[in-house]
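Participant: Dropping in work.cif, which is mmCIF, C-alpha atoms:
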data_final
#
loop_
_atom_site.label_atom_id
_atom_site.label_comp_id
_atom_site.auth_asym_id
_atom_site.auth_seq_id
_atom_site.Cartn_x
_atom_site.Cartn_y
_atom_site.Cartn_z
CA LEU A 1 -14.34 28.53 9.43
CA LYS A 2 -15.20 25.26 7.75
CA ALA A 3 -13.28 22.66 5.79
CA VAL A 4 -14.30 20.53 2.81
CA ILE A 5 -12.33 17.38 2.00
CA LEU A 6 -12.90 16.04 -1.52
CA ILE A 7 -12.70 12.25 -1.35
CA GLY A 8 -13.73 11.37 -4.93
CA GLY A 9 -15.50 8.13 -5.62
CA PRO A 10 -15.35 4.48 -6.58
CA GLN A 11 -14.54 4.70 -10.27
CA LYS A 12 -11.40 6.61 -9.42
CA GLY A 13 -8.61 4.98 -7.46
CA THR A 14 -8.01 2.54 -10.32
CA ARG A 15 -4.27 3.02 -9.90
CA PHE A 16 -4.79 2.05 -6.30
CA ARG A 17 -6.14 -1.39 -7.06
CA PRO A 18 -6.30 -4.04 -5.73
CA LEU A 19 -6.24 -2.19 -2.40
CA SER A 20 -9.21 0.05 -3.25
CA PHE A 21 -11.40 -3.07 -3.71
CA GLU A 22 -11.52 -3.58 0.06
CA VAL A 23 -11.74 -0.07 1.46
CA PRO A 24 -12.49 3.37 -0.03
CA LYS A 25 -9.12 4.90 -0.89
CA PRO A 26 -9.50 7.79 1.63
CA LEU A 27 -9.72 5.20 4.44
CA PHE A 28 -6.57 3.35 3.37
CA PRO A 29 -4.12 3.51 6.31
CA VAL A 30 -1.04 5.66 5.74
CA ALA A 31 1.41 5.72 8.66
CA GLY A 32 -1.08 3.76 10.75
CA VAL A 33 -4.19 5.95 10.38
CA PRO A 34 -6.68 6.39 7.51
CA MET A 35 -5.31 8.71 4.80
CA VAL A 36 -8.03 11.30 5.32
CA GLN A 37 -7.56 11.36 9.11
CA HIS A 38 -4.36 13.38 8.60
CA HIS A 39 -6.48 16.03 6.83
CA ILE A 40 -9.17 16.01 9.51
CA GLU A 41 -6.61 16.34 12.29
CA ALA A 42 -4.97 19.32 10.57
CA CYS A 43 -8.36 21.01 10.06
CA ALA A 44 -9.47 20.35 13.64
CA LYS A 45 -6.37 22.11 14.96
CA VAL A 46 -7.26 25.41 13.26
CA PRO A 47 -8.89 27.73 15.83
CA GLY A 48 -12.49 28.55 14.94
CA MET A 49 -13.08 25.39 12.86
CA LYS A 50 -16.83 24.79 13.16
CA GLU A 51 -17.42 21.84 10.82
CA ILE A 52 -15.60 19.46 8.48
CA LEU A 53 -17.47 18.17 5.43
CA LEU A 54 -16.33 15.15 3.43
CA MET A 55 -17.63 15.24 -0.12
CA GLY A 56 -17.61 12.52 -2.75
CA PHE A 57 -19.80 9.96 -4.45
CA TYR A 58 -19.03 6.83 -2.45
CA GLN A 59 -22.16 5.05 -1.24
CA PRO A 60 -22.18 5.76 2.50
CA ASN A 61 -21.05 2.38 3.87
CA GLU A 62 -20.42 0.98 7.32
CA ALA A 63 -16.66 1.58 7.23
CA LEU A 64 -17.10 5.25 6.31
CA SER A 65 -19.84 5.83 8.91
CA ARG A 66 -17.80 4.14 11.63
CA PHE A 67 -14.77 6.23 10.75
CA LEU A 68 -16.76 9.50 10.86
CA VAL A 69 -18.23 8.69 14.27
CA SER A 70 -14.83 7.87 15.79
CA ALA A 71 -13.18 10.92 14.16
CA GLN A 72 -15.91 13.22 15.58
CA GLN A 73 -15.32 11.83 19.06
CA GLU A 74 -11.54 12.09 18.76
CA PHE A 75 -11.30 15.60 17.28
CA LYS A 76 -14.38 17.15 18.94
CA VAL A 77 -15.62 18.79 15.76
CA PRO A 78 -18.78 17.97 13.73
CA ILE A 79 -17.89 15.88 10.64
CA ARG A 80 -20.45 15.03 7.96
CA TYR A 81 -20.37 13.21 4.64
CA LEU A 82 -22.16 14.78 1.67
CA GLN A 83 -22.76 12.38 -1.19
CA GLU A 84 -22.78 13.70 -4.76
CA TYR A 85 -25.24 12.05 -7.15
CA ALA A 86 -22.46 11.72 -9.77
CA ALA A 87 -18.85 12.77 -10.25
CA LEU A 88 -19.15 16.56 -10.39
CA GLY A 89 -15.47 17.50 -10.57
CA THR A 90 -13.51 19.44 -7.95
CA GLY A 91 -15.66 22.57 -8.32
CA GLY A 92 -19.04 21.03 -9.15
CA GLY A 93 -19.34 19.26 -5.81
CA ILE A 94 -18.74 22.32 -3.68
CA TYR A 95 -21.07 24.36 -5.90
CA HIS A 96 -23.81 21.72 -5.59
CA PHE A 97 -23.51 21.76 -1.77
CA ARG A 98 -22.84 25.50 -1.41
CA ASP A 99 -25.81 25.97 0.98
CA GLN A 100 -24.43 23.31 3.32
CA ILE A 101 -20.97 24.87 3.24
CA LEU A 102 -22.25 28.39 3.92
CA SER A 103 -24.84 27.39 6.55
CA GLY A 104 -24.06 28.95 9.91
CA GLY A 105 -22.45 31.94 8.20
CA ALA A 106 -19.04 30.52 7.26
CA GLU A 107 -16.68 33.43 6.56
CA ALA A 108 -14.07 31.26 4.86
CA PHE A 109 -13.51 27.58 4.16
CA PHE A 110 -10.66 25.29 3.21
CA VAL A 111 -10.92 22.80 0.37
CA LEU A 112 -8.50 19.86 0.52
CA ASN A 113 -8.06 16.99 -1.91
CA ALA A 114 -7.96 13.68 -0.04
CA ASP A 115 -5.23 12.14 -2.18
CA VAL A 116 -2.41 14.43 -1.07
CA CYS A 117 -0.17 14.10 1.95
CA SER A 118 1.17 17.28 3.46
CA GLU A 119 2.04 19.19 6.60
CA PHE A 120 -1.16 21.14 5.87
CA PRO A 121 0.00 24.68 6.80
CA LEU A 122 -3.63 25.83 7.16
CA GLN A 123 -3.00 28.36 9.92
CA GLU A 124 -0.17 29.88 7.85
CA MET A 125 -2.50 30.17 4.85
CA LEU A 126 -4.97 32.13 6.98
CA GLU A 127 -2.26 34.49 8.24
CA PHE A 128 -0.87 34.88 4.72
CA ARG A 129 -4.32 35.91 3.46
CA GLN A 130 -4.57 38.58 6.14
CA GLN A 131 -1.19 40.00 5.16
CA HIS A 132 -1.67 39.80 1.37
CA GLY A 133 -4.79 40.61 -0.52
CA ASP A 134 -8.08 41.49 1.13
CA MET A 135 -10.52 39.39 3.09
CA HIS A 136 -12.23 38.39 -0.17
CA SER A 137 -9.19 36.93 -1.88
CA PHE A 138 -8.53 33.22 -2.37
CA VAL A 139 -5.33 31.32 -1.57
CA ILE A 140 -3.83 28.27 -3.28
CA LEU A 141 -1.14 26.27 -1.50
CA GLY A 142 1.83 25.92 -3.84
CA THR A 143 5.19 24.17 -3.67
CA THR A 144 8.28 23.98 -5.87
CA ALA A 145 8.75 21.06 -8.27
CA ASN A 146 11.57 20.45 -10.73
CA ARG A 147 11.17 21.67 -14.30
CA THR A 148 10.28 18.36 -15.92
CA GLN A 149 7.86 17.15 -13.26
CA ALA A 150 6.05 20.49 -13.03
CA LEU A 151 4.33 19.61 -16.32
CA ASN A 152 2.34 16.89 -14.54
CA TYR A 153 0.65 19.39 -12.20
CA GLY A 154 -1.20 22.69 -12.26
CA CYS A 155 1.48 25.37 -12.75
CA ILE A 156 1.27 28.80 -11.12
CA VAL A 157 2.98 32.01 -12.27
CA ALA A 158 2.90 34.56 -9.46
CA ASN A 159 4.12 38.09 -8.84
CA ALA A 160 7.36 37.73 -6.86
CA ASP A 161 6.50 40.59 -4.47
CA THR A 162 2.78 40.16 -3.81
CA GLN A 163 2.40 36.40 -4.59
CA GLU A 164 -0.67 37.27 -6.65
CA VAL A 165 -1.39 34.54 -9.22
CA GLN A 166 -1.02 36.03 -12.69
CA HIS A 167 -1.29 32.90 -14.78
CA TYR A 168 -2.52 29.36 -14.11
CA VAL A 169 -2.20 26.34 -16.45
CA GLU A 170 -3.26 22.79 -15.59
CA LYS A 171 -0.70 20.19 -16.84
CA PRO A 172 0.88 22.41 -19.52
CA SER A 173 2.62 20.84 -22.53
CA THR A 174 5.67 23.10 -22.19
CA PHE A 175 7.40 24.62 -19.17
CA VAL A 176 5.39 27.38 -17.48
CA SER A 177 6.54 27.56 -13.86
CA GLU A 178 8.20 25.50 -11.12
CA ILE A 179 5.48 26.45 -8.63
CA ILE A 180 2.79 23.75 -8.63
CA ASN A 181 -0.70 23.53 -7.14
CA CYS A 182 -0.86 21.34 -3.99
CA GLY A 183 -4.62 20.78 -4.12
CA ILE A 184 -5.26 22.70 -0.87
CA TYR A 185 -7.20 25.98 -1.04
CA LEU A 186 -8.62 28.70 1.18
CA PHE A 187 -11.81 30.26 -0.21
CA THR A 188 -14.42 32.78 0.86
CA PRO A 189 -18.11 32.52 -0.10
CA ALA A 190 -17.30 34.82 -3.05
CA ILE A 191 -15.82 31.82 -4.89
CA PHE A 192 -19.35 30.55 -5.59
CA GLN A 193 -20.02 33.56 -7.79
CA HIS A 194 -17.06 32.56 -10.00
CA ILE A 195 -18.07 28.89 -10.06
CA GLY A 196 -21.64 30.00 -10.82
CA GLU A 197 -20.41 31.90 -13.88
CA VAL A 198 -18.78 28.72 -15.18
CA PHE A 199 -22.02 26.82 -14.50
CA GLN A 200 -24.06 29.38 -16.50
CA ARG A 201 -21.55 29.30 -19.32
CA ASN A 202 -21.69 25.49 -19.40
CA GLN A 203 -25.47 25.62 -19.52
CA GLN A 204 -25.46 28.09 -22.40
CA GLU A 205 -22.99 25.95 -24.33
CA LEU A 206 -25.15 22.89 -23.71
CA ALA A 207 -28.25 24.73 -24.93
CA LEU A 208 -26.40 25.42 -28.18
CA GLU A 209 -25.48 21.77 -28.71
CA GLU A 210 -28.84 20.26 -27.85
CA SER A 211 -28.07 17.11 -29.78
CA SER A 212 -25.38 16.16 -27.26
CA ASN A 213 -26.34 13.77 -24.49
CA GLY A 214 -24.75 15.91 -21.77
CA TRP A 215 -27.60 15.60 -19.31
CA GLN A 216 -25.43 16.59 -16.37
CA ARG A 217 -22.37 18.10 -17.97
CA ALA A 218 -23.19 21.64 -16.86
CA GLU A 219 -22.69 20.61 -13.25
CA VAL A 220 -19.25 19.10 -13.88
CA ILE A 221 -16.90 21.94 -12.97
CA ARG A 222 -13.17 21.63 -12.43
CA LEU A 223 -11.72 24.21 -10.06
CA GLU A 224 -8.33 24.04 -11.72
CA GLN A 225 -9.11 24.36 -15.44
CA ASP A 226 -12.44 26.20 -15.26
CA VAL A 227 -12.08 28.56 -12.28
CA PHE A 228 -8.40 29.23 -11.50
CA THR A 229 -7.46 29.83 -15.13
CA ALA A 230 -10.12 32.55 -15.31
CA LEU A 231 -9.29 34.05 -11.88
CA ALA A 232 -5.55 34.35 -12.56
CA GLY A 233 -4.52 37.95 -13.14
CA SER A 234 -7.72 39.36 -11.60
CA GLY A 235 -6.12 40.32 -8.27
CA LYS A 236 -8.27 37.82 -6.35
CA LEU A 237 -6.06 34.72 -6.32
CA TYR A 238 -2.83 34.35 -4.34
CA VAL A 239 -0.37 31.52 -3.81
CA TYR A 240 1.15 30.61 -0.45
CA LYS A 241 4.35 28.67 -1.04
CA THR A 242 5.25 25.97 1.44
CA ASP A 243 8.65 24.37 2.05
CA GLY A 244 7.03 21.60 4.10
CA PHE A 245 6.66 18.10 2.72
CA TRP A 246 3.98 17.40 0.12
CA SER A 247 3.19 14.49 -2.16
CA GLN A 248 0.32 13.07 -4.16
CA ILE A 249 -1.07 9.66 -3.28
CA LYS A 250 -2.21 8.32 -6.62
CA SER A 251 -0.67 4.86 -6.83
CA ALA A 252 -0.05 2.29 -4.11
CA GLY A 253 3.70 2.96 -4.39
CA SER A 254 3.14 6.59 -3.47
CA ALA A 255 1.31 5.44 -0.30
CA ILE A 256 4.58 3.98 1.01
CA TYR A 257 6.38 7.25 0.25
CA ALA A 258 3.59 9.24 1.95
CA SER A 259 3.82 6.90 4.93
CA ARG A 260 7.51 7.76 5.21
CA LEU A 261 6.78 11.51 5.17
CA TYR A 262 4.13 11.20 7.88
CA LEU A 263 6.19 8.83 10.07
CA ASN A 264 8.99 11.36 9.84
CA GLN A 265 6.64 14.09 11.04
CA TYR A 266 5.42 11.94 13.97
CA SER A 267 8.71 12.52 15.80
CA LYS A 268 7.46 16.10 16.30
CA SER A 269 3.67 15.75 16.17
CA HIS A 270 2.93 12.25 17.59
CA PRO A 271 6.01 10.72 19.22
CA GLU A 272 3.70 8.26 21.01
CA ARG A 273 2.86 6.66 17.64
CA LEU A 274 6.46 5.68 16.93
CA ALA A 275 7.73 2.32 18.18
CA GLN A 276 10.79 2.34 20.47
CA ASN A 277 13.46 -0.29 21.06
CA LYS A 278 12.62 -2.02 24.34
CA PRO A 279 14.23 -4.98 26.12
CA GLY A 280 12.55 -8.15 24.84
CA GLY A 281 10.95 -6.28 21.96
CA PRO A 282 11.75 -6.37 18.23
CA VAL A 283 14.63 -4.35 16.76
CA ILE A 284 13.32 -1.00 15.50
CA ARG A 285 15.32 0.95 12.91
CA GLY A 286 14.20 4.46 12.00
CA ASN A 287 10.52 5.43 12.09
CA VAL A 288 8.10 2.54 12.62
CA TYR A 289 4.41 2.51 13.57
CA ILE A 290 3.11 -0.65 15.28
CA HIS A 291 -0.55 -1.04 16.23
CA PRO A 292 -0.88 -1.99 19.93
CA THR A 293 -2.71 -5.24 19.03
CA ALA A 294 0.08 -6.52 16.73
CA SER A 295 2.18 -9.41 18.01
CA ILE A 296 5.83 -9.19 16.97
CA ASP A 297 8.60 -11.63 17.82
CA SER A 298 11.56 -10.14 19.66
CA THR A 299 13.99 -11.37 16.96
CA ALA A 300 12.21 -9.49 14.14
CA VAL A 301 13.84 -6.38 12.64
CA LEU A 302 11.50 -3.61 11.44
CA GLY A 303 12.18 -0.32 9.71
CA PRO A 304 12.85 2.19 8.48
CA ASN A 305 9.44 3.36 7.23
CA VAL A 306 7.26 0.47 8.30
CA SER A 307 3.65 0.61 9.41
CA VAL A 308 2.10 -2.48 11.02
CA GLY A 309 -1.69 -2.67 11.36
CA GLU A 310 -4.13 -4.18 13.80
CA GLY A 311 -3.79 -7.84 14.81
CA VAL A 312 -0.75 -8.50 12.61
CA THR A 313 1.52 -11.42 13.56
CA VAL A 314 5.23 -11.21 12.81
CA GLY A 315 7.32 -14.35 13.42
CA ALA A 316 10.94 -14.93 14.43
CA GLY A 317 13.77 -13.48 12.36
CA VAL A 318 11.43 -11.56 10.06
CA ARG A 319 12.85 -8.49 8.25
CA VAL A 320 10.46 -5.73 7.14
CA ARG A 321 11.58 -2.50 5.49
CA GLU A 322 9.79 0.34 3.61
CA SER A 323 6.46 -1.49 3.77
CA ILE A 324 2.86 -1.28 4.97
CA VAL A 325 1.46 -4.43 6.61
CA LEU A 326 -2.34 -4.23 6.86
CA HIS A 327 -4.51 -5.64 9.64
CA GLY A 328 -4.74 -9.37 10.22
CA ALA A 329 -1.71 -10.21 8.05
CA SER A 330 0.69 -12.87 9.22
CA LEU A 331 4.41 -13.01 8.37
CA HIS A 332 5.84 -16.41 9.26
CA ASP A 333 9.37 -16.99 10.57
CA HIS A 334 12.33 -15.62 8.61
CA THR A 335 10.33 -13.93 5.84
CA CYS A 336 11.79 -10.85 4.21
CA VAL A 337 9.39 -8.07 3.12
CA LEU A 338 10.81 -5.03 1.30
CA ASN A 339 8.99 -2.18 -0.52
CA THR A 340 5.70 -4.04 -0.29
CA ILE A 341 2.11 -3.51 0.78
CA VAL A 342 0.84 -6.69 2.44
CA GLY A 343 -2.95 -6.84 2.17
CA TRP A 344 -5.49 -7.54 4.91
CA ASP A 345 -5.42 -11.11 6.31
CA SER A 346 -2.66 -12.18 3.91
CA THR A 347 -0.13 -14.84 4.91
CA ILE A 348 3.52 -15.06 3.88
CA GLY A 349 5.14 -18.49 4.45
CA ARG A 350 8.48 -19.19 6.15
CA TRP A 351 11.70 -18.08 4.44
CA ALA A 352 9.72 -16.39 1.63
CA ARG A 353 10.98 -13.13 0.16
CA VAL A 354 8.49 -10.52 -1.06
CA GLU A 355 10.11 -7.49 -2.62
CA GLY A 356 9.19 -4.51 -4.78
CA THR A 357 11.07 -1.67 -6.45
CA PRO A 358 10.64 1.70 -4.73
CA SER A 359 9.29 4.52 -6.86
CA ASP A 360 10.84 7.24 -4.71
CA PRO A 361 11.69 10.72 -5.99
CA ASN A 362 15.33 11.44 -6.74
CA PRO A 363 16.92 11.98 -3.29
CA ASN A 364 19.53 14.36 -4.73
CA ASP A 365 16.94 16.76 -6.09
CA PRO A 366 15.26 18.72 -3.26
CA TYR A 367 12.32 19.60 -5.55
CA ALA A 368 11.71 16.14 -7.01
CA LYS A 369 8.21 14.75 -6.62
CA ILE A 370 7.07 11.16 -6.92
CA ASP A 371 6.31 10.20 -10.53
CA SER A 372 2.82 8.85 -11.12
CA GLU A 373 4.25 5.83 -12.87
CA THR A 374 2.33 4.00 -15.56
CA LEU A 375 1.59 0.36 -14.86
CA PHE A 376 3.07 -0.78 -18.17
CA ARG A 377 5.93 0.50 -20.28
CA ASP A 378 6.74 -1.00 -23.72
CA GLY A 379 4.24 -3.77 -23.05
CA ARG A 380 6.02 -4.81 -19.84
CA LEU A 381 4.99 -4.28 -16.24
CA THR A 382 7.02 -1.38 -14.80
CA PRO A 383 9.00 -2.63 -11.78
CA SER A 384 7.24 -1.10 -8.78
CA ILE A 385 6.08 -1.73 -5.24
CA THR A 386 4.81 -5.29 -4.74
CA ILE A 387 1.17 -5.35 -3.68
CA LEU A 388 -0.64 -8.30 -2.14
CA GLY A 389 -4.42 -7.89 -2.14
CA CYS A 390 -6.46 -9.12 0.82
CA SER A 391 -6.34 -12.81 1.87
CA VAL A 392 -3.41 -13.73 -0.36
CA THR A 393 -1.42 -16.80 0.67
CA ILE A 394 2.25 -17.06 -0.28
CA PRO A 395 3.90 -20.46 0.26
CA ALA A 396 7.17 -21.03 2.10
CA GLU A 397 10.54 -20.43 0.41
CA VAL A 398 9.34 -18.58 -2.69
CA VAL A 399 10.31 -15.19 -4.09
CA ILE A 400 7.70 -12.66 -5.23
CA LEU A 401 9.30 -9.73 -7.04
CA ASN A 402 7.70 -6.52 -8.43
CA SER A 403 4.31 -8.19 -8.70
CA ILE A 404 0.69 -7.31 -8.01
CA VAL A 405 -1.43 -10.14 -6.60
CA LEU A 406 -5.19 -9.76 -6.68
CA PRO A 407 -7.26 -10.70 -3.59
CA HIS A 408 -7.99 -14.29 -2.45
CA LYS A 409 -5.12 -15.96 -4.34
CA GLU A 410 -3.11 -18.93 -3.13
CA LEU A 411 0.23 -18.91 -4.93
CA SER A 412 2.16 -22.10 -5.45
CA ARG A 413 5.47 -20.82 -6.84
CA SER A 414 7.71 -17.77 -7.32
CA TYR A 415 6.70 -14.85 -9.56
CA LYS A 416 8.56 -11.87 -10.99
CA ASN A 417 7.17 -8.74 -12.75
CA GLN A 418 3.66 -10.11 -13.03
CA ILE A 419 0.08 -9.17 -12.30
CA ILE A 420 -1.46 -12.32 -10.85
CA LEU A 421 -5.17 -12.31 -11.61
#
Would you put the structure from the file into structure tokens?
Facilitator:
Amino acid sequence: LKAVILIGGPQKGTRFRPLSFEVPKPLFPVAGVPMVQHHIEACAKVPGMKEILLMGFYQPNEALSRFLVSAQQEFKVPIRYLQEYAALGTGGGIYHFRDQILSGGAEAFFVLNADVCSEFPLQEMLEFRQQHGDMHSFVILGTTANRTQALNYGCIVANADTQEVQHYVEKPSTFVSEIINCGIYLFTPAIFQHIGEVFQRNQQELALEESSNGWQRAEVIRLEQDVFTALAGSGKLYVYKTDGFWSQIKSAGSAIYASRLYLNQYSKSHPERLAQNKPGGPVIRGNVYIHPTASIDSTAVLGPNVSVGEGVTVGAGVRVRESIVLHGASLHDHTCVLNTIVGWDSTIGRWARVEGTPSDPNPNDPYAKIDSETLFRDGRLTPSITILGCSVTIPAEVVILNSIVLPHKELSRSYKNQIIL
């Protein structure tokens, strides 16, 4: 078995700015560890996992290399990064590197999108494939969404008895199905034949329109629109439906929601990562992750859903809730931080209040997903999570509400519903 994690590249992640300026989005910490580490950990737990490949078109940089080395040591499985020469789409990348994926005689491989958070029921997908379909069939992980939100995802119509996918539509304009694609797949080498057919078809179409400047368009292949749509109804594609948690991480606001889902799971999977109330320690409410190097005053109150990074300083009487505080940040005495991502090495002055508006799914609808909100609506900034880029300084006694502050800014007053460039 092998696993491929698609991490995309620098021109994506625009909705994740200004945080994606400092660190590739897959390395952004969610619930205290890099986003993609949750994927790697899940893959490494599957018996027979021989290699994990990260694939994208980030320039290999120091942060990525360092992360791969430490992840290899921690999970005892070879991890490599394969760099695409351009954005090749979800199918083009794995087709381009098919020899690397199949080397060593891989019988099957998982493909996971890096920008999802999930329980990753990989073992269950393997067992499901053995029970349904043959050893050459492919499995998509699906989950239930509500009728209106399903239109924002790939929708799957499956046979109720066999779970065979009969129809697949990516982001349909009208209601098709409540079962949506989670961006996690189990393939066999036979998938390359189907991707290859799309590649040939693209090449033939390009040959017909020679005037077009599509020098590399034949290689751009999207698994969802180009491959799954064609495979549906052929008896080769199945859906495994999960009731476990799942969410996309597209915007910074969805990172806080994903952090909550993972912190919640830690009580079962990593209880050692959750902070406990101790004599002389800060007050912990709900699930909180605190990096061992952080220094937190005993009168601070943290939680629920708070993740505190390396070397963070939290002063007396500070209140933090539903937030991610990144490494090196400093919250001075009596600050209040709610629904906010505090960037690396940022400082919040005494008695300041930094607050955002959560973009959580409807808690009364069990199938609600997080909306990928637009930044602006009717020419106004949509109230959302407040984001401070790296090295932002906020003075004492001001209020920052629903705002996005770009890196290296020193604010001098209060702001509300603004992007501070």
Participant: Please provide the set of residues having any atom within 7 Å of region 253-257 of chain A, restricted to only C-alpha atoms, with same-chain residues fewer than 3 positions apart removed, written as JSON, numbers by chain.
Facilitator: {"A": [30, 249, 250, 260, 261, 322, 323, 324, 359, 360, 370, 384, 385]}
Participant: Residues at most 10 Å from Lys416 (chain A), counting all atoms listed in the file, excluding those fewer than 4 positions away in the same chain, as a list in words?
Facilitator: Glu355, Gly356, Leu381, Pro383, Thr386, Val399, Ile400, Leu401, Asn402, Ser403 and Ile404 of chain A
Participant: Can those selected residues be exported to a file as a PDB file, keeping the file's coordinate frame so that it contains C-alpha atoms?
Facilitator:
ATOM      1  CA  GLU A 355      10.110  -7.490  -2.620  1.00  0.00           C
ATOM      2  CA  GLY A 356       9.190  -4.510  -4.780  1.00  0.00           C
ATOM      3  CA  LEU A 381       4.990  -4.280 -16.240  1.00  0.00           C
ATOM      4  CA  PRO A 383       9.000  -2.630 -11.780  1.00  0.00           C
ATOM      5  CA  THR A 386       4.810  -5.290  -4.740  1.00  0.00           C
ATOM      6  CA  VAL A 399      10.310 -15.190  -4.090  1.00  0.00           C
ATOM      7  CA  ILE A 400       7.700 -12.660  -5.230  1.00  0.00           C
ATOM      8  CA  LEU A 401       9.300  -9.730  -7.040  1.00  0.00           C
ATOM      9  CA  ASN A 402       7.700  -6.520  -8.430  1.00  0.00           C
ATOM     10  CA  SER A 403       4.310  -8.190  -8.700  1.00  0.00           C
ATOM     11  CA  ILE A 404       0.690  -7.310  -8.010  1.00  0.00           C
TER      12      ILE A 404
END
Participant: Evaluating the PyMOL selection byres ((chain A and resi 136) around 7) on the displayed file yields which residues, as a PyMOL selection string?
Facilitator: chain A and resi 134-135+137-138+188+190
Participant: Which residues fall under the PyMOL selection byres ((chain A and resi 266) around 12) in this file, as a count of residues only?
Facilitator: 26
Participant: Can you tell me how far CA of Val69 (chain A) sits from CA of Phe97 (chain A), in Å to one decimal?
Facilitator: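 Between CA of Val69 (chain A) and CA of Phe97 (chain A) the gap works out to 21.4 Å.
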Participant: For the file shown, what are the residues hit by the PyMOL selection byres ((chain A and resi 337) around 7), laid out as a ChimeraX atom specification?
Facilitator: /A:319-321,335-336,338-340,353-355
Participant: Give me, please, the distance in Å between CA of Gly244 (chain A) and CA of Ser177 (chain A), quoted to one decimal.
Facilitator: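 Going from CA of Gly244 (chain A) over to CA of Ser177 (chain A) covers 18.9 Å.
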Participant: Please report the interatomic distance between CA of Arg285 (chain A) and CA of His334 (chain A) in Å with one decimal.
Facilitator: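 Straight-line distance from CA of Arg285 (chain A) to CA of His334 (chain A) works out to 17.4 Å.
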Participant: For a quick check of understanding, using only C-alpha atoms, which of A:Leu53, A:Val398, A:Ile191, A:Leu388 has the smallest distance to Gln72 (chain A)?
Facilitator: A:Leu53
Participant: In the coordinates of the file, take the point (-10.4, 36.1, -9.4) and a cut-off of 10 Å; then, counting all atoms listed in the file, name each qualifying protein, DNA or RNA residue as a list in words.
Facilitator: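 Within the cut-off we find His136, Ser137, Phe138, Val165, Gln166, Ala190, Ile191, His194, Val227, Phe228, Thr229, Ala230, Leu231, Ala232, Gly233, Ser234, Gly235, Lys236, Leu237 and Tyr238 of chain A.
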Participant: May I have the residues from that selection written out with C-alpha atoms, as a compact mmCIF listing (two decimals), in the frame of the given file?
Facilitator:
# COMPACT_ATOMS: atom_id res chain seq x y z
CA HIS A 136 -12.23 38.39 -0.17
CA SER A 137 -9.19 36.93 -1.88
CA PHE A 138 -8.53 33.22 -2.37
CA VAL A 165 -1.39 34.54 -9.22
CA GLN A 166 -1.02 36.03 -12.69
CA ALA A 190 -17.30 34.82 -3.05
CA ILE A 191 -15.82 31.82 -4.89
CA HIS A 194 -17.06 32.56 -10.00
CA VAL A 227 -12.08 28.56 -12.28
CA PHE A 228 -8.40 29.23 -11.50
CA THR A 229 -7.46 29.83 -15.13
CA ALA A 230 -10.12 32.55 -15.31
CA LEU A 231 -9.29 34.05 -11.88
CA ALA A 232 -5.55 34.35 -12.56
CA GLY A 233 -4.52 37.95 -13.14
CA SER A 234 -7.72 39.36 -11.60
CA GLY A 235 -6.12 40.32 -8.27
CA LYS A 236 -8.27 37.82 -6.35
CA LEU A 237 -6.06 34.72 -6.32
CA TYR A 238 -2.83 34.35 -4.34
Participant: Determine, counting all atoms listed in the file, which protein, DNA and RNA residues have an atom within 9 Å of an atom of Ala87 (chain A); residues of the same chain fewer than 2 positions away are not included. Present the result as a list in words.
Facilitator: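 The neighbour list is Gly8, Gly9, Gly56, Phe57, Glu84, Tyr85, Gly89, Thr90, Gly92, Gly93 and Val220 of chain A.
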Participant: Measuring between all atoms listed in the file, which one of A:Phe175, A:Phe120, A:Phe199, A:Trp351 shows the shortest distance to Tyr240 (chain A)?
Facilitator: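 Closest to Tyr240 (chain A) of all the choices is A:Phe120.
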Participant: Identify, on the basis of only C-alpha atoms, every residue whose closest approach to Ile156 (chain A) does not exceed 7 Å; exclude the query and any residue fewer than 3 positions from it along the same chain; express the result as a count of residues only.
Facilitator: 8
Participant: Which polymer residues have any atom within 10 Å of an atom of Val283 (chain A), counting only C-alpha atoms, with same-chain residues fewer than 3 positions away left out, as an MDAnalysis selection string?
Facilitator: chainID A and resid 275:280 297:303 319
